[in-house]
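S.K.: So here's work.tsv, just TSV, C-alpha atoms and all ligand atoms:
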```tsv
chain	number	residue	atom	x	y	z
B	25	MET	CA	-8.91	-7.18	-4.37
B	26	LYS	CA	-5.39	-8.04	-5.54
B	27	SER	CA	-5.31	-5.30	-8.17
B	28	GLU	CA	-6.59	-2.70	-5.71
B	29	VAL	CA	-3.91	-3.72	-3.26
B	30	LYS	CA	-1.25	-3.53	-5.96
B	31	ASN	CA	-2.32	-0.08	-7.00
B	32	GLU	CA	-2.22	1.17	-3.44
B	33	VAL	CA	1.28	-0.16	-2.90
B	34	LYS	CA	2.38	1.33	-6.20
B	35	ARG	CA	0.90	4.67	-5.26
B	36	GLU	CA	2.85	4.86	-2.02
B	37	VAL	CA	5.99	2.97	-2.91
B	38	GLN	CA	6.41	4.07	-6.51
B	39	SER	CA	9.79	5.62	-6.99
B	40	THR	CA	8.99	9.02	-8.33
B	41	SER	CA	11.07	12.05	-7.49
B	42	PRO	CA	9.81	14.05	-4.51
B	43	LEU	CA	9.06	16.97	-6.85
B	44	LYS	CA	7.04	14.80	-9.22
B	45	ARG	CA	5.17	13.35	-6.30
B	46	VAL	CA	4.32	16.72	-4.85
B	47	LYS	CA	3.09	17.81	-8.28
B	48	SER	CA	0.92	14.73	-8.71
B	49	GLU	CA	-0.54	15.11	-5.24
B	50	VAL	CA	-1.41	18.73	-5.92
B	51	LYS	CA	-3.01	17.62	-9.17
B	52	THR	CA	-5.08	15.01	-7.38
B	53	GLU	CA	-6.00	17.58	-4.79
B	54	ASN	CA	-7.28	20.02	-7.39
B	55	LYS	CA	-9.13	17.38	-9.28
B	56	THR	CA	-10.96	15.52	-6.57
B	57	VAL	CA	-10.38	17.27	-3.28
B	58	PRO	CA	-10.86	20.98	-2.72
B	59	ARG	CA	-7.64	22.71	-1.73
B	60	VAL	CA	-6.71	21.92	1.83
B	61	SER	CA	-6.87	24.85	4.17
B	62	ARG	CA	-6.46	25.14	7.90
B	63	ASN	CA	-9.22	26.19	10.19
B	64	LYS	CA	-8.24	29.18	12.30
B	65	ASN	CA	-5.96	28.29	15.19
B	66	THR	CA	-6.48	24.54	14.87
B	67	ARG	CA	-4.48	21.77	13.34
B	68	THR	CA	-7.58	20.29	11.76
B	69	LEU	CA	-7.75	20.12	8.00
B	70	SER	CA	-10.93	21.25	6.31
B	71	SER	CA	-13.40	18.69	5.07
B	72	PRO	CA	-14.01	18.55	1.31
B	73	PHE	CA	-17.71	18.19	2.27
B	74	PRO	CA	-18.19	21.09	4.73
B	75	LYS	CA	-21.98	20.98	4.47
B	76	TYR	CA	-22.19	17.28	5.24
B	77	LYS	CA	-22.59	17.05	9.01
B	78	LEU	CA	-22.28	13.29	9.46
B	79	PRO	CA	-21.06	11.64	11.49
B	80	THR	CA	-22.13	13.84	14.39
B	81	PRO	CA	-19.98	13.46	17.51
B	82	ALA	CA	-22.87	11.48	19.07
B	83	MET	CA	-22.92	9.07	16.14
B	84	ALA	CA	-19.15	8.57	16.35
B	85	TYR	CA	-19.37	7.85	20.08
B	86	ARG	CA	-22.31	5.48	19.51
B	87	ALA	CA	-20.35	3.56	16.85
B	88	LEU	CA	-17.44	3.24	19.26
B	89	ARG	CA	-19.72	1.87	22.00
B	90	GLU	CA	-21.28	-0.57	19.53
B	91	LEU	CA	-17.86	-1.79	18.38
B	92	GLU	CA	-16.63	-2.07	21.97
B	93	SER	CA	-19.63	-4.25	22.81
B	94	VAL	CA	-18.30	-6.86	20.38
B	95	HIS	CA	-14.56	-6.28	20.21
B	96	GLY	CA	-13.77	-5.08	23.73
B	97	ILE	CA	-12.12	-1.88	24.92
B	98	LYS	CA	-8.99	-0.60	23.14
B	99	LYS	CA	-6.66	1.49	25.23
B	100	LYS	CA	-5.21	4.57	23.64
B	101	PRO	CA	-1.41	4.76	24.05
B	102	THR	CA	-0.06	7.92	25.62
B	103	ASN	CA	3.18	9.72	24.94
B	104	THR	CA	4.61	8.35	28.15
B	105	SER	CA	3.44	4.75	27.65
B	106	ASN	CA	4.61	4.66	24.05
B	107	SER	CA	8.37	4.46	23.83
B	108	VAL	CA	8.66	3.05	20.31
B	109	PRO	CA	11.38	4.88	18.37
B	110	VAL	CA	9.82	6.97	15.59
B	111	LEU	CA	12.12	5.44	13.00
B	112	ASP	CA	10.99	1.93	14.01
B	113	SER	CA	7.38	3.03	13.69
B	114	LEU	CA	8.02	4.51	10.23
B	115	VAL	CA	9.85	1.40	8.98
B	116	ARG	CA	7.14	-0.88	10.38
B	117	THR	CA	4.47	1.19	8.66
B	118	ILE	CA	6.33	1.13	5.34
B	119	LEU	CA	6.52	-2.66	5.62
B	120	SER	CA	2.84	-2.88	6.54
B	121	GLN	CA	1.53	-1.04	3.46
B	122	ASN	CA	-0.96	-3.39	1.85
B	123	THR	CA	0.05	-6.54	3.62
B	124	THR	CA	-1.15	-8.29	6.74
B	125	ASP	CA	0.00	-7.30	10.23
B	126	ILE	CA	1.47	-10.77	10.77
B	127	THR	CA	3.54	-10.62	7.58
B	128	SER	CA	4.85	-7.11	8.18
B	129	ALA	CA	5.69	-7.91	11.81
B	130	ARG	CA	7.65	-10.93	10.61
B	131	ALA	CA	9.52	-8.85	8.02
B	132	PHE	CA	10.39	-6.19	10.62
B	133	LYS	CA	11.62	-8.80	13.09
B	134	GLN	CA	13.77	-10.49	10.45
B	135	LEU	CA	15.21	-7.16	9.36
B	136	LYS	CA	16.10	-6.13	12.91
B	137	THR	CA	17.54	-9.55	13.76
B	138	ARG	CA	19.86	-9.47	10.78
B	139	PHE	CA	20.65	-5.74	11.20
B	140	PRO	CA	20.16	-4.76	14.87
B	141	SER	CA	21.06	-1.13	14.24
B	142	TYR	CA	20.05	1.38	11.58
B	143	GLU	CA	23.77	2.08	11.04
B	144	GLU	CA	24.00	-1.47	9.70
B	145	ILE	CA	21.00	-1.06	7.41
B	146	GLU	CA	22.45	2.24	6.20
B	147	VAL	CA	25.49	0.52	4.70
B	148	ALA	CA	23.97	-2.88	3.89
B	149	LYS	CA	23.63	-4.15	0.34
B	150	LEU	CA	20.10	-3.58	-0.92
B	151	LYS	CA	19.86	-7.26	-1.83
B	152	ASP	CA	20.53	-8.23	1.79
B	153	ILE	CA	17.81	-5.89	3.05
B	154	GLU	CA	15.42	-7.25	0.42
B	155	ASN	CA	16.07	-10.81	1.53
B	156	GLU	CA	14.92	-10.05	5.07
B	157	ILE	CA	11.69	-8.31	4.05
B	158	LYS	CA	10.69	-10.25	0.96
B	159	CYS	CA	7.76	-11.94	2.73
B	160	CYS	CA	5.75	-8.70	2.53
B	161	GLY	CA	6.22	-8.20	-1.21
B	162	LEU	CA	7.69	-5.31	-3.26
B	163	ALA	CA	10.88	-5.93	-1.30
B	164	GLU	CA	13.13	-4.16	-3.79
B	165	LYS	CA	11.19	-0.89	-3.59
B	166	ARG	CA	10.63	-1.05	0.15
B	167	ALA	CA	14.34	-1.72	0.78
B	168	GLN	CA	15.21	1.28	-1.36
B	169	VAL	CA	12.69	3.50	0.44
B	170	ILE	CA	14.09	2.53	3.85
B	171	GLN	CA	17.73	2.99	2.87
B	172	THR	CA	17.05	6.33	1.17
B	173	ILE	CA	15.42	7.62	4.36
B	174	LEU	CA	18.53	6.59	6.33
B	175	HIS	CA	20.87	8.22	3.81
B	176	THR	CA	18.82	11.42	3.96
B	177	LEU	CA	18.92	11.46	7.76
B	178	ARG	CA	22.68	10.91	7.70
B	179	ARG	CA	23.20	13.71	5.18
B	180	GLU	CA	20.91	16.21	6.88
B	181	ARG	CA	21.26	15.44	10.59
B	182	ASP	CA	24.19	13.03	10.87
B	183	GLU	CA	22.02	10.87	13.13
B	184	LEU	CA	19.80	7.91	12.28
B	185	SER	CA	16.90	8.92	14.47
B	186	MET	CA	13.60	10.67	13.92
B	187	GLU	CA	12.84	11.59	17.53
B	188	TYR	CA	12.92	15.24	16.44
B	189	LEU	CA	9.43	14.69	15.00
B	190	HIS	CA	8.06	14.73	18.56
B	191	LYS	CA	8.71	18.47	18.63
B	192	LEU	CA	7.00	19.28	15.32
B	193	SER	CA	3.36	20.19	14.72
B	194	ASP	CA	1.10	17.60	13.09
B	195	GLU	CA	1.26	19.39	9.76
B	196	ASP	CA	5.05	19.67	9.87
B	197	VAL	CA	5.36	15.96	10.72
B	198	LYS	CA	3.22	15.16	7.66
B	199	LYS	CA	5.37	17.38	5.44
B	200	GLU	CA	8.57	15.93	6.85
B	201	LEU	CA	7.47	12.33	6.27
B	202	CYS	CA	5.71	12.76	2.93
B	203	ARG	CA	8.79	14.25	1.28
B	204	PHE	CA	10.30	10.76	1.26
B	205	LYS	CA	9.33	8.76	-1.76
B	206	GLY	CA	7.35	5.71	-0.70
B	207	VAL	CA	5.83	7.56	2.25
B	208	GLY	CA	2.31	8.78	1.53
B	209	PRO	CA	-0.33	10.55	3.62
B	210	LYS	CA	-1.66	7.29	5.07
B	211	THR	CA	1.76	6.16	6.30
B	212	ALA	CA	2.32	9.61	7.81
B	213	ALA	CA	-1.11	9.49	9.50
B	214	CYS	CA	-0.30	6.07	11.01
B	215	VAL	CA	3.03	7.29	12.45
B	216	LEU	CA	1.25	10.35	13.84
B	217	MET	CA	-1.49	8.34	15.48
B	218	PHE	CA	0.27	5.14	16.62
B	219	CYS	CA	3.71	6.49	17.50
B	220	LEU	CA	3.38	10.21	18.21
B	221	CYS	CA	-0.05	9.75	19.87
B	222	ARG	CA	-1.57	12.67	17.94
B	223	PRO	CA	-5.31	12.86	17.25
B	224	GLU	CA	-5.23	11.52	13.71
B	225	PHE	CA	-7.68	9.25	11.93
B	226	PRO	CA	-5.92	7.26	9.21
B	227	VAL	CA	-8.30	5.87	6.59
B	228	ASP	CA	-7.29	2.46	5.32
B	229	THR	CA	-9.36	0.25	3.05
B	230	HIS	CA	-11.54	-1.05	5.95
B	231	VAL	CA	-12.23	2.36	7.46
B	232	TRP	CA	-13.02	3.74	4.00
B	233	ARG	CA	-15.46	0.93	3.15
B	234	ILE	CA	-17.28	0.97	6.50
B	235	SER	CA	-17.52	4.80	6.49
B	236	LYS	CA	-19.35	4.62	3.17
B	237	ARG	CA	-21.63	1.90	4.53
B	238	LEU	CA	-22.46	4.08	7.55
B	239	LYS	CA	-23.02	7.10	5.26
B	240	TRP	CA	-20.29	9.04	7.04
B	241	VAL	CA	-19.38	10.50	3.65
B	242	PRO	CA	-22.02	11.95	1.29
B	243	SER	CA	-21.30	9.68	-1.65
B	244	GLN	CA	-20.18	6.15	-2.40
B	245	ALA	CA	-17.78	7.79	-4.85
B	246	ALA	CA	-15.88	9.61	-2.08
B	247	THR	CA	-12.18	8.89	-2.49
B	248	ARG	CA	-10.03	7.61	0.34
B	249	GLU	CA	-8.32	11.00	0.57
B	250	GLN	CA	-11.66	12.84	0.75
B	251	THR	CA	-12.86	10.38	3.39
B	252	TYR	CA	-9.66	10.96	5.38
B	253	LEU	CA	-10.04	14.75	5.30
B	254	HIS	CA	-13.75	14.64	6.11
B	255	LEU	CA	-13.47	12.18	9.00
B	256	ASN	CA	-10.46	13.94	10.51
B	257	ALA	CA	-12.61	17.04	10.69
B	258	ARG	CA	-15.72	15.19	12.01
B	259	ILE	CA	-14.53	12.50	14.46
B	260	PRO	CA	-13.90	13.86	17.97
B	261	ASP	CA	-10.16	13.86	18.73
B	262	GLU	CA	-10.59	11.89	21.97
B	263	ILE	CA	-11.85	8.77	20.17
B	264	LYS	CA	-9.95	8.88	16.86
B	265	TYR	CA	-7.45	6.21	17.91
B	266	GLN	CA	-9.99	3.76	19.37
B	267	LEU	CA	-12.46	4.16	16.52
B	268	HIS	CA	-9.76	3.66	13.89
B	269	VAL	CA	-8.39	0.52	15.54
B	270	HIS	CA	-11.88	-0.92	16.00
B	271	LEU	CA	-13.03	-0.22	12.45
B	272	VAL	CA	-9.94	-1.91	11.00
B	273	GLU	CA	-10.50	-5.00	13.13
B	274	HIS	CA	-14.22	-4.97	12.45
B	275	GLY	CA	-13.68	-4.79	8.69
B	276	LYS	CA	-11.74	-8.04	8.87
B	277	CYS	CA	-14.28	-10.10	10.77
B	278	CYS	CA	-17.81	-8.80	10.08
B	279	LYS	CA	-19.78	-10.37	7.26
B	280	LYS	CA	-21.70	-7.16	6.60
B	281	CYS	CA	-18.67	-4.88	6.68
B	282	ALA	CA	-15.93	-7.06	5.12
B	283	LYS	CA	-14.94	-6.58	1.51
B	284	ASN	CA	-17.38	-8.53	-0.68
B	285	ASN	CA	-18.96	-9.77	2.58
B	286	LYS	CA	-16.09	-12.21	2.95
B	287	PRO	CA	-14.36	-11.75	6.32
B	288	ARG	CA	-10.72	-12.78	6.32
B	289	ARG	CA	-10.92	-13.78	9.98
B	290	GLU	CA	-13.29	-15.94	11.99
B	291	PRO	CA	-16.58	-14.02	11.53
B	292	ILE	CA	-18.36	-12.42	14.48
B	293	PRO	CA	-22.01	-13.53	14.83
B	294	PHE	CA	-23.63	-10.15	14.07
B	295	CYS	CA	-22.81	-6.56	13.12
B	296	PRO	CA	-23.40	-4.18	16.05
B	297	LEU	CA	-23.18	-1.00	13.95
B	298	THR	CA	-26.32	1.10	13.47
B	299	VAL	CA	-26.71	2.32	9.89
B	300	ASP	CA	-28.81	5.49	10.10
B	301	LYS	CA	-31.42	6.05	7.43
B	302	LYS	CA	-30.96	9.25	5.53
B	401	ZN	ZN	-20.18	-4.77	10.62
```
Mind converting the file's structure to structure tokens?
Ligand SMILES: [Zn+2]

M.R.:
Amino acid sequence: MKSEVKNEVKREVQSTSPLKRVKSEVKTENKTVPRVSRNKNTRTLSSPFPKYKLPTPAMAYRALRELESVHGIKKKPTNTSNSVPVLDSLVRTILSQNTTDITSARAFKQLKTRFPSYEEIEVAKLKDIENEIKCCGLAEKRAQVIQTILHTLRRERDELSMEYLHKLSDEDVKKELCRFKGVGPKTAACVLMFCLCRPEFPVDTHVWRISKRLKWVPSQAATREQTYLHLNARIPDEIKYQLHVHLVEHGKCCKKCAKNNKPRREPIPFCPLTVDKK
């Protein structure tokens, strides 16, 4: 588990030049994922498995009902109820890559207590930023990622705010965020879904594992990126948020669905999810 986690952090936080990163992503895309194309007039990306029709909308809704029966109802935030600044959401998500929610929340709180404004983080010594976020690991790289984003915003817009993302299309938000080193597609998907309230379905390690268990992708060898593209095309927009949040929680506390069947939280007594025979 540790090495997988390390690799994931490296993949997103690794300090490669934006150009190199774009090149490597295109390479990955050609190798394992068919070229991404847009469906006509929609913001939905094409699935790499267009002939694979699972999950059907009915199956996705059923899974949500099953998860709600055990974990309760999750309310979807709306644009009006969610007033978190986009930059806060991005920084929180960068800190949360491959660490627990509790640890990343602590790091974010410490960072904002020491530096209440982004103007202060912009000019702070990297070492001082690192000290506040070291509890979530890879502090040196994460501090650099955060400060580079601030320097870029200053240079390009002369304002340390990313509220302008509200006005961009989903695809443009992804492009805008992924050009920063240390910000990958999953981080961008989380900002889109949690902060901008867009119908996105981020695929983290729990969602990926459970989707394979439920046969929502055609092969156990489906990569996380393929799973992300396929499920974004298959899961109905109205329940993307709730299903994502539930699957992540479920993956932490269900013996059948946890990694190596070892839940990291107090286990729930049984798994409510129906695994269809195929
Ligand atoms: Zn389960």

S.K.: With all atoms listed in the file counted and 8 Å as the cut-off, give the residues of chain B in contact with ligand ZN 401 (chain B), each with its shortest interatomic distance in Å and the pair that gives it, as a tab-separated table.

M.R.:
```
residue	atom	partner	partner_atom	distance
B:Ile234	CA	B:ZN401	ZN	7.6
B:His274	CA	B:ZN401	ZN	6.2
B:Gly275	CA	B:ZN401	ZN	6.8
B:Cys277	CA	B:ZN401	ZN	8.0
B:Cys278	CA	B:ZN401	ZN	4.7
B:Lys279	CA	B:ZN401	ZN	6.5
B:Lys280	CA	B:ZN401	ZN	4.9
B:Cys281	CA	B:ZN401	ZN	4.2
B:Ala282	CA	B:ZN401	ZN	7.3
B:Phe294	CA	B:ZN401	ZN	7.3
B:Cys295	CA	B:ZN401	ZN	4.0
B:Pro296	CA	B:ZN401	ZN	6.3
B:Leu297	CA	B:ZN401	ZN	5.9
```

S.K.: Excluding same-chain residues fewer than 5 positions from region 83-87 of chain B, what lies within 8 Å of it counting all atoms listed in the file, as a PyMOL selection string?

M.R.: chain B and resi 78+259-260+263+267+297-298

S.K.: Counting all atoms listed in the file, note down every residue that has an atom within 7 Å of the point (16.7, 0.4, 2.7) (file coordinates), as a ChimeraX atom specification.

M.R.: /B:145-146,150,153,166-172

S.K.: Kindly indicate which residue among B:Lys286, B:Lys151, B:Lys264, B:Lys276 lies nearest to Phe218 (chain B), using all atoms listed in the file for the distances.

M.R.: B:Lys264

S.K.: Name the closest residue to Val115 (chain B) among the candidates B:Gln250, B:Ser185, B:Leu238, B:Ile292; distances are taken between atoms, counting all atoms listed in the file.

M.R.: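 Distance minimum relative to Val115 (chain B) lands on B:Ser185.
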
S.K.: For the interface of region 96-193 of chain B with region 229-233 of chain B (cut-off 12 Å, counting all atoms listed in the file), please tabulate each contacting residue of region 96-193 of chain B alongside its nearest pair of atoms and their separation in Å to one decimal, rows sorted by chain and increasing number, as CSV.

M.R.:
```
residue,atom,partner,partner_atom,distance
B:Gln121,CA,B:Thr229,CA,11.0
B:Asn122,CA,B:Thr229,CA,9.2
B:Thr123,CA,B:Thr229,CA,11.6
```

S.K.: CA of Val207 (chain B) and CA of Lys165 (chain B), how far apart in Å?

M.R.: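 Distance reported for this atom pair: 11.6 Å.
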
S.K.: Do a neighbour search on Leu255 (chain B) at 12 Å with all atoms listed in the file, toss out local chain neighbours closer than 5 positions, and write the hits as a ChimeraX atom specification.

M.R.: /B:68-74,76-81,84,223-227,231-232,235-236,239-242,246,248-250,260-261,263-264,267-268

S.K.: Select, from B:Glu187, B:Asp196, B:Asp228, B:Asp300, the residue with the minimum atom-to-atom distance to Glu273 (chain B), counting only C-alpha atoms.

M.R.: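 For Glu273 (chain B), the nearest of the given residues is B:Asp228.
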
S.K.: Work out how far CA of Ile157 (chain B) is from CA of Gln134 (chain B), in Å to one decimal.

M.R.: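 Separation between CA of Gln134 (chain B) and CA of Ile157 (chain B): 7.1 Å.
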
S.K.: Show me, as a PyMOL selection string, the residues that have an atom within 10 Å of His175 (chain B) when counting all atoms listed in the file, minus same-chain residues fewer than 6 positions from it.

M.R.: chain B and resi 143+145-147+181-184

S.K.: Out of B:Cys160, B:Leu174, B:Leu111, B:Ile118, which residue has the shortest atom-to-atom distance to Tyr188 (chain B) when counting only C-alpha atoms?

M.R.: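 Among the listed residues, B:Leu111 lies closest to Tyr188 (chain B).
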
S.K.: For the point (-1.3, 9.5, 10.9) in the file's frame, write as an NGL selection string all residues with an atom no more than 12 Å away, counting only C-alpha atoms.

M.R.: :B and (113-114 or 117 or 194-195 or 197-199 or 201-202 or 207-228 or 252-253 or 256 or 264-265 or 268)

S.K.: Quick one: pull the distance between CA of Leu135 (chain B) and CA of Glu156 (chain B), Å, one decimal.

M.R.: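 According to the coordinates, CA of Leu135 (chain B) and CA of Glu156 (chain B) are separated by 5.2 Å.
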
S.K.: For Phe204 (chain B), which of B:Leu177, B:Leu189, B:Val110, B:Leu88 is the closest residue, counting all atoms listed in the file?

M.R.: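 Looking at the shortest contact to Phe204 (chain B), the residue is B:Leu177.
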
S.K.: Would you kindly return, as a ChimeraX atom specification, each protein, DNA or RNA residue with an atom no farther than 12 Å from any atom of Lys133 (chain B), considering all atoms listed in the file and excluding same-chain residues fewer than 4 positions away?

M.R.: /B:112,115-116,119,126-129,137-140,156-157,159

S.K.: I need the residue nearest Arg289 (chain B) from this list: B:Val272, B:Ala163, B:Ala148, B:Ile97. Use all atoms listed in the file for the distance.

M.R.: B:Val272
